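S.K.: Dropping in start.cif, which is mmCIF, C-alpha atoms and all ligand atoms:
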```
data_input
#
loop_
_atom_site.label_atom_id
_atom_site.label_comp_id
_atom_site.auth_asym_id
_atom_site.auth_seq_id
_atom_site.Cartn_x
_atom_site.Cartn_y
_atom_site.Cartn_z
CA MET A 1 0.00 0.00 0.00
CA LYS A 2 2.90 2.32 0.78
CA ASP A 3 3.94 2.12 -2.85
CA LYS A 4 0.95 4.19 -3.85
CA LEU A 5 1.60 7.83 -4.42
CA PRO A 6 0.18 9.75 -1.43
CA ALA A 7 -2.04 12.72 -2.23
CA TYR A 8 -0.12 14.87 0.25
CA THR A 9 3.15 14.40 -1.65
CA VAL A 10 1.47 15.26 -4.95
CA PHE A 11 -0.09 18.34 -3.36
CA VAL A 12 3.16 19.71 -1.92
CA SER A 13 4.95 19.03 -5.22
CA ILE A 14 2.35 21.00 -7.15
CA ILE A 15 2.54 23.95 -4.75
CA ALA A 16 6.34 24.01 -5.06
CA ALA A 17 6.20 23.60 -8.83
CA ILE A 18 4.30 26.89 -9.18
CA GLY A 19 7.78 28.38 -8.76
CA GLY A 20 8.70 26.60 -12.02
CA LEU A 21 5.68 28.09 -13.74
CA LEU A 22 6.80 31.58 -12.78
CA PHE A 23 10.33 30.76 -13.92
CA GLY A 24 9.07 29.77 -17.37
CA TYR A 25 6.62 32.64 -17.63
CA GLN A 26 9.04 35.36 -16.63
CA THR A 27 11.83 34.23 -18.94
CA ALA A 28 9.51 34.11 -21.95
CA VAL A 29 7.15 37.06 -21.40
CA VAL A 30 9.80 39.70 -21.85
CA SER A 31 10.22 39.12 -25.58
CA GLY A 32 6.65 40.32 -26.08
CA ALA A 33 6.63 43.07 -23.49
CA LEU A 34 9.92 44.53 -24.68
CA LEU A 35 8.44 45.62 -28.00
CA PHE A 36 6.02 47.91 -26.22
CA LEU A 37 8.29 48.98 -23.39
CA GLU A 38 10.60 50.24 -26.08
CA GLY A 39 7.94 52.61 -27.40
CA HIS A 40 6.62 53.62 -23.98
CA PHE A 41 9.95 54.53 -22.39
CA ASP A 42 11.86 55.34 -25.54
CA LEU A 43 14.44 52.70 -24.68
CA THR A 44 17.91 52.76 -26.20
CA THR A 45 19.41 49.45 -27.39
CA LEU A 46 21.57 49.35 -24.28
CA GLN A 47 18.55 49.83 -22.05
CA GLN A 48 16.71 47.05 -23.89
CA GLN A 49 19.60 44.71 -23.33
CA LEU A 50 19.60 45.68 -19.66
CA VAL A 51 15.89 44.89 -19.35
CA VAL A 52 16.65 41.38 -20.59
CA SER A 53 19.90 40.81 -18.73
CA THR A 54 19.19 42.26 -15.26
CA LEU A 55 16.93 39.25 -14.76
CA LEU A 56 19.79 36.90 -15.52
CA ILE A 57 22.10 38.74 -13.16
CA GLY A 58 19.51 38.43 -10.40
CA ALA A 59 19.19 34.71 -11.13
CA LEU A 60 22.96 34.19 -10.95
CA ILE A 61 23.23 35.97 -7.61
CA ALA A 62 20.29 34.05 -6.14
CA ALA A 63 21.69 30.72 -7.31
CA ILE A 64 24.94 31.32 -5.46
CA LEU A 65 23.45 32.73 -2.26
CA GLY A 66 20.28 30.64 -2.34
CA GLY A 67 22.00 27.34 -1.63
CA SER A 68 23.32 28.46 1.77
CA PHE A 69 20.00 30.06 2.49
CA ALA A 70 18.13 26.83 1.76
CA ASP A 71 20.58 24.75 3.82
CA HIS A 72 20.40 27.17 6.72
CA PHE A 73 16.82 28.45 6.87
CA GLY A 74 15.11 25.53 5.19
CA ARG A 75 13.52 24.63 1.88
CA LYS A 76 10.07 25.88 2.79
CA THR A 77 11.30 29.29 3.93
CA SER A 78 13.20 29.56 0.65
CA LEU A 79 10.01 28.81 -1.28
CA LEU A 80 8.28 31.52 0.70
CA VAL A 81 11.01 33.98 -0.21
CA THR A 82 10.65 33.12 -3.93
CA SER A 83 6.92 33.83 -3.76
CA LEU A 84 7.52 37.17 -2.08
CA LEU A 85 10.23 38.13 -4.58
CA PHE A 86 7.87 37.30 -7.46
CA LEU A 87 5.11 39.41 -5.89
CA VAL A 88 7.31 42.43 -5.19
CA GLY A 89 8.95 42.23 -8.64
CA THR A 90 5.60 41.92 -10.40
CA TYR A 91 4.22 44.83 -8.39
CA LEU A 92 7.14 47.04 -9.47
CA LEU A 93 6.90 46.00 -13.11
CA THR A 94 3.15 46.45 -13.47
CA GLY A 95 3.19 49.90 -11.90
CA ALA A 96 6.52 51.08 -13.34
CA ASN A 97 6.82 54.69 -14.41
CA SER A 98 10.53 54.80 -15.07
CA VAL A 99 13.23 52.64 -16.61
CA LEU A 100 14.83 52.32 -13.18
CA GLU A 101 11.66 50.77 -11.78
CA ILE A 102 11.52 48.33 -14.68
CA LEU A 103 15.13 47.33 -14.13
CA THR A 104 14.64 46.95 -10.36
CA GLY A 105 11.54 44.84 -10.97
CA ARG A 106 13.36 42.62 -13.43
CA PHE A 107 16.28 42.20 -11.04
CA ILE A 108 14.00 41.16 -8.17
CA ILE A 109 12.13 38.73 -10.42
CA GLY A 110 15.55 37.37 -11.44
CA LEU A 111 16.38 36.72 -7.78
CA GLY A 112 13.07 34.86 -7.52
CA ILE A 113 13.80 32.76 -10.59
CA GLY A 114 17.33 31.89 -9.49
CA LEU A 115 16.11 30.80 -6.08
CA ALA A 116 13.12 28.92 -7.51
CA SER A 117 15.24 27.00 -10.01
CA LEU A 118 17.30 25.73 -7.09
CA VAL A 119 14.79 25.17 -4.35
CA VAL A 120 11.83 23.73 -6.25
CA PRO A 121 13.61 20.56 -7.45
CA LEU A 122 15.41 20.33 -4.11
CA TYR A 123 12.21 20.51 -2.09
CA ILE A 124 10.31 18.02 -4.24
CA ALA A 125 13.20 15.53 -4.37
CA GLU A 126 13.42 15.46 -0.58
CA MET A 127 9.66 15.06 -0.21
CA SER A 128 9.32 12.18 -2.69
CA PRO A 129 9.46 8.42 -2.31
CA ALA A 130 12.28 7.03 -4.48
CA LYS A 131 9.92 5.19 -6.76
CA HIS A 132 8.11 8.30 -7.96
CA ARG A 133 10.81 10.92 -7.48
CA GLY A 134 11.58 11.34 -11.18
CA MET A 135 8.02 12.21 -12.07
CA LEU A 136 7.39 14.43 -9.06
CA VAL A 137 10.57 16.48 -9.48
CA SER A 138 9.77 16.82 -13.17
CA PHE A 139 6.52 18.59 -12.26
CA ASN A 140 8.95 21.49 -12.04
CA GLN A 141 9.92 21.20 -15.72
CA PHE A 142 6.30 20.59 -16.66
CA ALA A 143 5.40 23.85 -14.91
CA ILE A 144 8.28 25.68 -16.64
CA THR A 145 6.95 24.62 -20.04
CA ILE A 146 3.39 25.65 -19.11
CA GLY A 147 4.76 29.01 -17.98
CA ILE A 148 6.53 29.50 -21.31
CA LEU A 149 3.40 28.58 -23.25
CA LEU A 150 1.26 30.91 -21.13
CA ALA A 151 3.69 33.73 -21.83
CA TYR A 152 3.49 33.08 -25.59
CA ILE A 153 -0.31 33.13 -25.41
CA ILE A 154 -0.50 36.25 -23.23
CA ASN A 155 1.98 38.05 -25.48
CA TYR A 156 -0.11 37.17 -28.48
CA TYR A 157 -3.35 38.18 -26.77
CA PHE A 158 -2.16 41.58 -25.57
CA SER A 159 -0.11 42.41 -28.62
CA SER A 160 -2.93 44.36 -30.28
CA SER A 161 -3.64 46.50 -27.19
CA GLN A 162 0.13 46.83 -26.54
CA ASP A 163 -0.59 46.39 -22.86
CA TRP A 164 2.76 45.47 -21.35
CA ARG A 165 1.50 46.09 -17.81
CA TRP A 166 -0.95 43.21 -18.11
CA MET A 167 1.72 41.02 -19.64
CA PHE A 168 3.76 41.40 -16.46
CA GLY A 169 0.72 41.61 -14.18
CA PHE A 170 -0.61 38.18 -15.08
CA ALA A 171 2.16 36.69 -12.91
CA PHE A 172 0.34 37.88 -9.78
CA ILE A 173 -2.13 35.01 -10.06
CA PRO A 174 0.29 32.07 -9.73
CA ALA A 175 2.42 33.93 -7.17
CA VAL A 176 -0.58 34.54 -4.88
CA LEU A 177 -1.76 30.95 -5.32
CA GLN A 178 1.64 29.68 -4.28
CA LEU A 179 1.75 31.94 -1.26
CA ILE A 180 -1.58 30.58 -0.06
CA GLY A 181 -0.54 26.98 -0.78
CA LEU A 182 2.68 27.36 1.21
CA TYR A 183 0.66 27.80 4.36
CA PHE A 184 -0.40 24.15 4.09
CA ILE A 185 2.94 22.49 3.39
CA SER A 186 5.81 21.60 5.68
CA ASP A 187 9.57 21.52 5.28
CA THR A 188 11.26 18.31 4.10
CA PRO A 189 12.19 15.37 6.37
CA SER A 190 15.81 15.59 5.17
CA TRP A 191 16.10 19.22 6.17
CA PHE A 192 14.60 18.55 9.59
CA ILE A 193 17.03 15.66 10.07
CA SER A 194 19.98 17.79 9.07
CA HIS A 195 18.96 20.27 11.76
CA GLY A 196 18.54 17.69 14.49
CA LYS A 197 14.72 17.81 14.47
CA LYS A 198 13.97 14.11 14.29
CA ALA A 199 10.44 14.27 15.68
CA LYS A 200 9.42 16.79 13.05
CA ALA A 201 11.04 14.68 10.33
CA MET A 202 9.03 11.66 11.46
CA GLU A 203 5.82 13.63 11.36
CA VAL A 204 6.40 14.58 7.73
CA LEU A 205 7.51 11.07 6.80
CA GLU A 206 4.25 9.82 8.21
CA LYS A 207 2.28 12.24 6.03
CA THR A 208 4.26 11.40 2.90
CA ARG A 209 3.84 7.70 3.73
CA ARG A 210 7.26 6.58 2.59
CA PRO A 211 8.17 2.86 2.49
CA LYS A 212 9.47 1.61 5.88
CA LYS A 213 13.00 1.14 4.59
CA GLU A 214 13.29 4.73 3.42
CA GLU A 215 11.98 5.98 6.76
CA GLU A 216 14.52 3.94 8.67
CA VAL A 217 17.45 5.16 6.63
CA LEU A 218 16.46 8.78 7.07
CA GLN A 219 15.99 8.30 10.80
CA LYS A 220 19.49 6.95 11.11
CA THR A 221 21.08 9.80 9.19
CA ASN A 222 23.28 11.85 11.47
CA ILE A 223 24.87 15.05 10.42
CA SER A 224 27.10 17.03 12.69
CA ARG A 225 27.27 20.76 12.22
CA LYS A 226 30.97 20.50 11.42
CA GLU A 227 30.36 18.20 8.51
CA GLY A 228 28.04 20.66 6.84
CA ARG A 229 30.72 23.33 6.55
CA ILE A 230 31.54 24.89 3.26
CA LYS A 231 34.94 23.25 2.95
CA GLU A 232 33.06 19.98 2.53
CA LEU A 233 32.26 21.26 -0.94
CA PHE A 234 35.84 20.65 -1.92
CA ASN A 235 36.25 17.32 -0.27
CA THR A 236 37.24 14.57 -2.71
CA LYS A 237 34.07 12.55 -2.15
CA VAL A 238 31.96 15.21 -3.75
CA LYS A 239 34.18 15.87 -6.75
CA ALA A 240 32.47 13.23 -8.88
CA PRO A 241 28.91 14.43 -8.24
CA PHE A 242 30.09 17.99 -8.90
CA LEU A 243 31.42 17.04 -12.29
CA VAL A 244 28.12 15.37 -13.17
CA GLY A 245 25.97 18.18 -11.75
CA ILE A 246 27.84 21.02 -13.40
CA GLY A 247 28.30 19.08 -16.64
CA ILE A 248 24.64 18.18 -17.07
CA SER A 249 23.58 21.76 -16.23
CA VAL A 250 25.94 23.32 -18.74
CA PHE A 251 25.03 20.79 -21.45
CA GLN A 252 21.33 21.47 -20.87
CA GLN A 253 22.01 25.01 -22.07
CA ILE A 254 24.83 24.80 -24.58
CA THR A 255 22.98 22.22 -26.66
CA GLY A 256 20.96 25.24 -27.71
CA ILE A 257 17.41 24.96 -26.33
CA ASN A 258 17.06 28.66 -25.67
CA ILE A 259 18.03 29.73 -29.15
CA VAL A 260 14.72 28.10 -30.03
CA ILE A 261 12.74 29.25 -26.98
CA TYR A 262 13.98 32.86 -27.16
CA TYR A 263 14.52 33.26 -30.90
CA ALA A 264 11.95 30.97 -32.52
CA PRO A 265 10.14 33.72 -34.49
CA ARG A 266 13.52 34.92 -35.76
CA ILE A 267 14.53 31.43 -36.89
CA PHE A 268 11.22 30.97 -38.68
CA GLN A 269 11.57 34.30 -40.41
CA LEU A 270 15.06 33.33 -41.54
CA ALA A 271 13.52 30.12 -42.89
CA GLY A 272 11.11 32.10 -45.00
CA PHE A 273 7.91 32.67 -43.03
CA ALA A 274 6.94 35.94 -44.57
CA THR A 275 4.65 37.47 -41.97
CA ALA A 276 5.31 38.04 -38.30
CA GLU A 277 1.95 36.38 -37.61
CA SER A 278 2.85 33.08 -39.25
CA ALA A 279 6.17 33.10 -37.40
CA ILE A 280 4.33 33.69 -34.13
CA SER A 281 1.85 30.85 -34.69
CA ALA A 282 4.73 28.52 -35.50
CA THR A 283 6.24 29.65 -32.20
CA LEU A 284 3.00 28.83 -30.35
CA SER A 285 3.15 25.30 -31.69
CA ILE A 286 6.67 24.99 -30.26
CA GLY A 287 5.28 25.97 -26.85
CA ILE A 288 2.54 23.36 -27.15
CA ILE A 289 4.77 20.49 -28.25
CA ASN A 290 7.17 21.35 -25.40
CA VAL A 291 4.37 20.91 -22.85
CA LEU A 292 2.98 17.74 -24.45
CA MET A 293 6.30 15.96 -24.71
CA THR A 294 7.12 16.85 -21.12
CA ILE A 295 4.01 14.88 -20.13
CA VAL A 296 5.48 11.90 -21.98
CA ALA A 297 8.67 12.39 -19.97
CA LEU A 298 6.73 12.42 -16.68
CA TRP A 299 5.34 9.06 -17.60
CA LEU A 300 8.62 7.51 -18.75
CA ILE A 301 11.15 8.90 -16.32
CA ASP A 302 10.67 6.40 -13.46
CA ARG A 303 9.91 3.54 -15.83
CA LEU A 304 12.70 3.72 -18.41
CA GLY A 305 15.15 5.54 -16.17
CA ARG A 306 17.20 8.72 -16.60
CA ARG A 307 20.04 7.39 -18.74
CA PRO A 308 18.06 5.80 -21.57
CA LEU A 309 15.92 8.92 -21.90
CA LEU A 310 18.97 11.17 -21.92
CA ILE A 311 20.70 9.06 -24.55
CA ILE A 312 17.69 8.78 -26.86
CA GLY A 313 16.80 12.44 -26.35
CA ILE A 314 20.23 13.93 -26.97
CA ALA A 315 20.80 11.72 -30.02
CA GLY A 316 17.46 12.95 -31.37
CA MET A 317 18.40 16.57 -30.67
CA ALA A 318 21.68 16.12 -32.58
CA ALA A 319 19.92 14.54 -35.56
CA SER A 320 17.21 17.19 -35.81
CA LEU A 321 19.72 20.04 -35.57
CA ALA A 322 21.76 18.39 -38.31
CA VAL A 323 18.70 18.32 -40.58
CA LEU A 324 17.84 21.91 -39.67
CA GLY A 325 21.36 23.09 -40.54
CA TRP A 326 21.32 21.11 -43.75
CA SER A 327 17.98 22.61 -44.83
CA PHE A 328 19.49 26.08 -44.52
CA LEU A 329 22.69 25.10 -46.32
CA ILE A 330 21.18 23.67 -49.46
CA GLU A 331 18.39 26.25 -49.55
CA LEU A 332 15.75 23.70 -50.41
CA GLU A 333 12.37 24.61 -51.75
CA GLY A 334 9.94 24.35 -48.82
CA ILE A 335 12.74 24.97 -46.36
CA SER A 336 10.35 26.75 -43.98
CA TYR A 337 8.42 23.51 -43.46
CA ILE A 338 11.55 21.46 -42.92
CA ALA A 339 12.72 24.12 -40.48
CA VAL A 340 9.51 24.07 -38.44
CA GLY A 341 9.44 20.27 -38.55
CA SER A 342 12.98 19.85 -37.34
CA VAL A 343 12.65 22.50 -34.64
CA MET A 344 9.55 20.65 -33.36
CA VAL A 345 11.41 17.35 -33.32
CA TYR A 346 14.37 18.99 -31.58
CA VAL A 347 12.16 20.49 -28.85
CA SER A 348 10.36 17.15 -28.40
CA PHE A 349 13.64 15.33 -27.80
CA PHE A 350 14.79 18.04 -25.39
CA ALA A 351 11.49 17.76 -23.52
CA ILE A 352 11.95 14.04 -22.83
CA SER A 353 15.61 14.35 -21.87
CA LEU A 354 17.79 17.29 -20.88
CA GLY A 355 14.77 19.47 -20.04
CA PRO A 356 13.46 17.60 -17.03
CA ILE A 357 16.43 15.37 -16.30
CA ALA A 358 19.12 18.03 -15.84
CA TRP A 359 17.10 19.55 -12.96
CA LEU A 360 16.26 16.12 -11.62
CA ILE A 361 19.84 14.83 -11.54
CA ILE A 362 21.17 17.86 -9.65
CA SER A 363 18.50 17.38 -7.00
CA GLU A 364 19.50 13.73 -6.57
CA ILE A 365 23.24 13.40 -6.64
CA PHE A 366 24.58 15.59 -3.84
CA PRO A 367 25.01 14.45 -0.22
CA LEU A 368 22.48 15.93 2.18
CA LYS A 369 25.00 17.88 4.24
CA ILE A 370 25.89 20.15 1.32
CA ARG A 371 22.90 19.59 -0.96
CA GLY A 372 21.55 23.14 -1.17
CA ARG A 373 24.93 24.82 -1.67
CA ALA A 374 26.15 22.24 -4.18
CA MET A 375 22.96 22.58 -6.18
CA GLY A 376 23.43 26.33 -6.07
CA ILE A 377 26.75 25.93 -7.90
CA ALA A 378 25.18 23.69 -10.56
CA VAL A 379 22.28 26.13 -10.99
CA PHE A 380 24.75 29.00 -11.27
CA ALA A 381 26.50 27.07 -14.06
CA ASN A 382 23.15 26.54 -15.79
CA TRP A 383 22.26 30.24 -15.77
CA SER A 384 25.76 31.32 -16.81
CA ALA A 385 25.66 28.97 -19.79
CA ASN A 386 22.16 30.21 -20.64
CA TYR A 387 23.47 33.78 -20.61
CA ILE A 388 26.41 32.99 -22.87
CA VAL A 389 24.28 31.13 -25.43
CA SER A 390 21.62 33.85 -25.63
CA LEU A 391 24.27 36.51 -25.94
CA THR A 392 26.23 34.81 -28.72
CA PHE A 393 23.60 33.18 -30.95
CA LEU A 394 22.95 36.10 -33.30
CA THR A 395 26.66 36.84 -33.60
CA LEU A 396 27.32 33.18 -34.46
CA VAL A 397 24.71 33.35 -37.20
CA GLU A 398 26.46 36.42 -38.57
CA ILE A 399 29.87 34.79 -38.55
CA LEU A 400 29.09 31.17 -39.51
CA GLY A 401 25.79 31.58 -41.31
CA THR A 402 22.58 29.93 -40.13
CA GLY A 403 23.28 26.41 -41.43
CA PHE A 404 26.74 26.06 -39.89
CA THR A 405 25.53 27.59 -36.62
CA PHE A 406 23.06 24.73 -36.24
CA TRP A 407 25.79 22.24 -37.13
CA PHE A 408 27.93 23.80 -34.44
CA TYR A 409 25.19 22.97 -31.94
CA THR A 410 24.94 19.46 -33.40
CA THR A 411 28.58 18.94 -32.44
CA ILE A 412 27.88 20.11 -28.91
CA CYS A 413 24.99 17.62 -28.68
CA LEU A 414 27.39 14.85 -29.66
CA LEU A 415 29.74 15.93 -26.85
CA ALA A 416 26.80 15.93 -24.45
CA LEU A 417 25.96 12.40 -25.54
CA TRP A 418 29.50 11.26 -24.83
CA PHE A 419 29.38 12.95 -21.41
CA VAL A 420 26.12 11.24 -20.43
CA ILE A 421 27.25 7.81 -21.57
CA ARG A 422 30.56 8.09 -19.71
CA LYS A 423 29.69 10.04 -16.57
CA VAL A 424 26.04 10.13 -15.58
CA PRO A 425 24.91 7.30 -13.27
CA GLU A 426 21.39 5.84 -13.27
CA THR A 427 19.45 7.09 -10.25
CA LYS A 428 16.06 5.55 -11.02
CA GLY A 429 14.38 3.94 -8.00
CA LYS A 430 17.31 4.62 -5.64
CA THR A 431 16.83 6.62 -2.45
CA LEU A 432 18.85 9.81 -2.07
CA GLU A 433 20.81 8.03 0.67
CA GLN A 434 21.66 5.11 -1.65
CA ILE A 435 22.88 7.55 -4.29
CA GLN A 436 25.04 9.24 -1.67
CA ASN A 437 26.56 5.88 -0.70
CA PHE A 438 27.21 5.09 -4.34
CA TRP A 439 29.74 7.94 -4.59
CA GLU A 440 31.37 7.02 -1.32
C1 LIG B 1 15.63 25.18 -19.15
C2 LIG B 1 15.27 26.52 -19.71
C3 LIG B 1 14.47 26.34 -20.96
C4 LIG B 1 13.27 25.44 -20.70
C5 LIG B 1 12.53 25.11 -21.96
C6 LIG B 1 14.38 24.40 -18.89
O1 LIG B 1 14.69 23.16 -18.36
O2 LIG B 1 16.37 25.33 -17.97
O3 LIG B 1 16.45 27.25 -19.94
O4 LIG B 1 14.03 27.57 -21.45
O5 LIG B 1 13.67 24.24 -20.10
O6 LIG B 1 11.49 24.23 -21.75
#
```
Let's see the structure in the file written out as structure tokens.
Ligand code: BGC
M.R.:
Amino acid sequence: MKDKLPAYTVFVSIIAAIGGLLFGYQTAVVSGALLFLEGHFDLTTLQQQLVVSTLLIGALIAAILGGSFADHFGRKTSLLVTSLLFLVGTYLLTGANSVLEILTGRFIIGLGIGLASLVVPLYIAEMSPAKHRGMLVSFNQFAITIGILLAYIINYYFSSSQDWRWMFGFAFIPAVLQLIGLYFISDTPSWFISHGKKAKAMEVLEKTRRPKKEEEVLQKTNISRKEGRIKELFNTKVKAPFLVGIGISVFQQITGINIVIYYAPRIFQLAGFATAESAISATLSIGIINVLMTIVALWLIDRLGRRPLLIIGIAGMAASLAVLGWSFLIELEGISYIAVGSVMVYVSFFAISLGPIAWLIISEIFPLKIRGRAMGIAVFANWSANYIVSLTFLTLVEILGTGFTFWFYTTICLLALWFVIRKVPETKGKTLEQIQNFWE
């Protein structure tokens, strides 16, 4: 009976995953809002770039500081802080009357996103029974993709009225819902254990109805304060998980997903979609396929395991990028259809592999005593790589041409494939404690 997924665990995972929804929404909404902010505030190119990049800077800072915060003050308190950051940032953005207010709002939202991208997978992983952990943690990615799709739809809907305030303001709804939901959830058993609160940990374990064996292992876990110190981060036992965690995070980004998510209309215009409208509807279909294929991943992740999905997915990403590059190089008739087709296939393969699994793996592989801080470093690597890719894509197209740029990303996918085959262990069905012992 204990193998059944308890409603409480599903509930807490959904409440936490709202942070993922806001992450997805906020990263994607700006492309639409920027067009109108530009007119409203008379933005220079530099100011436009700042509107986009202050969010990333906030995310980087929060990733680094957020890990210690989550280890020290708890996962639930960190979730609460993300909700508050999202609310304050959205409040500033919706009411902004100056560029400074816009930039401050974007920075605060960035802090929220950075913290959410760390603490949501962390919280869910520690709340989940091993058997269902892959699916539950991937609620986060599912929510990210819904957030992106919502942003595409809202951008489209408000584009005629040019109402950028509503584009930002929509984010109030999920942020308030999360804040209310947080009242009903507790911190994780692992965090309670790591702070010597065994009774509390047992209470939560009871509610999440974990198998007896998992309960016993957690009960026996003992962490002294000394062990949790920062120098543990550099201890040899954690070098291997660091390599995997940072590697998978960087590969999630440098295999190019966000050139599609952020620049899809541009790619489709390059491929010959004449009107902005047709490029935008093609972009909407990308958002939809991303959500749908993530549902397939939720279903497969604890059945097939992480490694097979990563291997199939990354191989598929490499193949579809190769076709995309080739369609640009030989300038085929009907190239726009091949382009849309291969971008769809590429996003589908990402959605069943690196999308959910990169976040999942980094929530699984680090020992409890340093988990938050170690994840923070991996998340920092993820956002830094994201920043570099988004900054360099258009320049690469200028230098290499569109076709060779996509082939460049094909090569990176092949490297990612090699990395996964050689370095990433299978974590399916193992408890976090078993994974920890594996490294030791
Ligand atoms: C990545 C984001 C990306 C999104 C697309 C996430 O896992 O971290 O950078 O935009 O997936 O679905």
S.K.: Quick one: residues within 9 Å of range 58-75 of chain A, all atoms listed in the file, excluding same-chain residues fewer than 2 positions away - as JSON, numbers by chain?
M.R.: {"A": [53, 54, 55, 56, 77, 78, 79, 80, 106, 107, 108, 109, 110, 111, 112, 113, 114, 115, 116, 117, 118, 119, 120, 122, 123, 187, 188, 191, 192, 194, 195, 369, 370, 371, 372, 373, 374, 375, 376, 377, 378, 379, 380, 381, 383, 384]}
S.K.: Could you write out the selected residues, including C-alpha atoms, as a PDB file, keeping the file's coordinate frame?
M.R.:
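again.pdb was written with the following content:
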```pdb
ATOM      1  CA  SER A  53      19.900  40.810 -18.730  1.00  0.00           C
ATOM      2  CA  THR A  54      19.190  42.260 -15.260  1.00  0.00           C
ATOM      3  CA  LEU A  55      16.930  39.250 -14.760  1.00  0.00           C
ATOM      4  CA  LEU A  56      19.790  36.900 -15.520  1.00  0.00           C
ATOM      5  CA  THR A  77      11.300  29.290   3.930  1.00  0.00           C
ATOM      6  CA  SER A  78      13.200  29.560   0.650  1.00  0.00           C
ATOM      7  CA  LEU A  79      10.010  28.810  -1.280  1.00  0.00           C
ATOM      8  CA  LEU A  80       8.280  31.520   0.700  1.00  0.00           C
ATOM      9  CA  ARG A 106      13.360  42.620 -13.430  1.00  0.00           C
ATOM     10  CA  PHE A 107      16.280  42.200 -11.040  1.00  0.00           C
ATOM     11  CA  ILE A 108      14.000  41.160  -8.170  1.00  0.00           C
ATOM     12  CA  ILE A 109      12.130  38.730 -10.420  1.00  0.00           C
ATOM     13  CA  GLY A 110      15.550  37.370 -11.440  1.00  0.00           C
ATOM     14  CA  LEU A 111      16.380  36.720  -7.780  1.00  0.00           C
ATOM     15  CA  GLY A 112      13.070  34.860  -7.520  1.00  0.00           C
ATOM     16  CA  ILE A 113      13.800  32.760 -10.590  1.00  0.00           C
ATOM     17  CA  GLY A 114      17.330  31.890  -9.490  1.00  0.00           C
ATOM     18  CA  LEU A 115      16.110  30.800  -6.080  1.00  0.00           C
ATOM     19  CA  ALA A 116      13.120  28.920  -7.510  1.00  0.00           C
ATOM     20  CA  SER A 117      15.240  27.000 -10.010  1.00  0.00           C
ATOM     21  CA  LEU A 118      17.300  25.730  -7.090  1.00  0.00           C
ATOM     22  CA  VAL A 119      14.790  25.170  -4.350  1.00  0.00           C
ATOM     23  CA  VAL A 120      11.830  23.730  -6.250  1.00  0.00           C
ATOM     24  CA  LEU A 122      15.410  20.330  -4.110  1.00  0.00           C
ATOM     25  CA  TYR A 123      12.210  20.510  -2.090  1.00  0.00           C
ATOM     26  CA  ASP A 187       9.570  21.520   5.280  1.00  0.00           C
ATOM     27  CA  THR A 188      11.260  18.310   4.100  1.00  0.00           C
ATOM     28  CA  TRP A 191      16.100  19.220   6.170  1.00  0.00           C
ATOM     29  CA  PHE A 192      14.600  18.550   9.590  1.00  0.00           C
ATOM     30  CA  SER A 194      19.980  17.790   9.070  1.00  0.00           C
ATOM     31  CA  HIS A 195      18.960  20.270  11.760  1.00  0.00           C
ATOM     32  CA  LYS A 369      25.000  17.880   4.240  1.00  0.00           C
ATOM     33  CA  ILE A 370      25.890  20.150   1.320  1.00  0.00           C
ATOM     34  CA  ARG A 371      22.900  19.590  -0.960  1.00  0.00           C
ATOM     35  CA  GLY A 372      21.550  23.140  -1.170  1.00  0.00           C
ATOM     36  CA  ARG A 373      24.930  24.820  -1.670  1.00  0.00           C
ATOM     37  CA  ALA A 374      26.150  22.240  -4.180  1.00  0.00           C
ATOM     38  CA  MET A 375      22.960  22.580  -6.180  1.00  0.00           C
ATOM     39  CA  GLY A 376      23.430  26.330  -6.070  1.00  0.00           C
ATOM     40  CA  ILE A 377      26.750  25.930  -7.900  1.00  0.00           C
ATOM     41  CA  ALA A 378      25.180  23.690 -10.560  1.00  0.00           C
ATOM     42  CA  VAL A 379      22.280  26.130 -10.990  1.00  0.00           C
ATOM     43  CA  PHE A 380      24.750  29.000 -11.270  1.00  0.00           C
ATOM     44  CA  ALA A 381      26.500  27.070 -14.060  1.00  0.00           C
ATOM     45  CA  TRP A 383      22.260  30.240 -15.770  1.00  0.00           C
ATOM     46  CA  SER A 384      25.760  31.320 -16.810  1.00  0.00           C
TER      47      SER A 384
END
```
S.K.: Please identify all protein, DNA and RNA residues within 9 Å of ligand LIG 1 (chain B), counting all atoms listed in the file, and report them as a ChimeraX atom specification.
M.R.: /A:23-24,27-28,117,140-142,144-146,148,249,252-253,257-262,287,290-291,294,347,350-351,354-359,382-383,386
S.K.: Considering only C-alpha atoms, can you say which of A:Leu298, A:Ile365, A:Ala274, A:Ala17 comes closest to Gly181 in chain A?
M.R.: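 Answer, going by the shortest atom-to-atom distance: A:Ala17.
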S.K.: Quick one: axis-aligned box around all listed atoms of range 195-198 of chain A, 5 Å on every side, centre and edge lengths in Å to one decimal, written as JSON.
M.R.:
```
{"center_x": 16.5, "center_y": 17.2, "center_z": 13.1, "size_x": 15.0, "size_y": 16.2, "size_z": 12.7}
```
S.K.: When distances are computed from all atoms listed in the file, which of A:Gly316, A:Gly32, A:Pro241, A:Gly272 shows the smallest separation from Asn155 in chain A?
M.R.: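 The shortest atom-to-atom distance to Asn155 in chain A comes from A:Gly32.
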S.K.: CA of Glu38 in chain A and CA of Leu50 in chain A, how far apart in Å?
M.R.: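 If I compute the distance from CA of Leu50 in chain A to CA of Glu38 in chain A, I get 12.0 Å.
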S.K.: What's the separation between CA of Leu368 in chain A and CA of Ala130 in chain A, in Å to one decimal place?
M.R.: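 Between CA of Leu368 in chain A and CA of Ala130 in chain A the gap is 15.1 Å.
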S.K.: Point out the residue among A:Arg306, A:His40, A:Lys4, A:Lys198 with the least atom-to-atom distance to Thr427 in chain A, counting only C-alpha atoms.
M.R.: A:Arg306
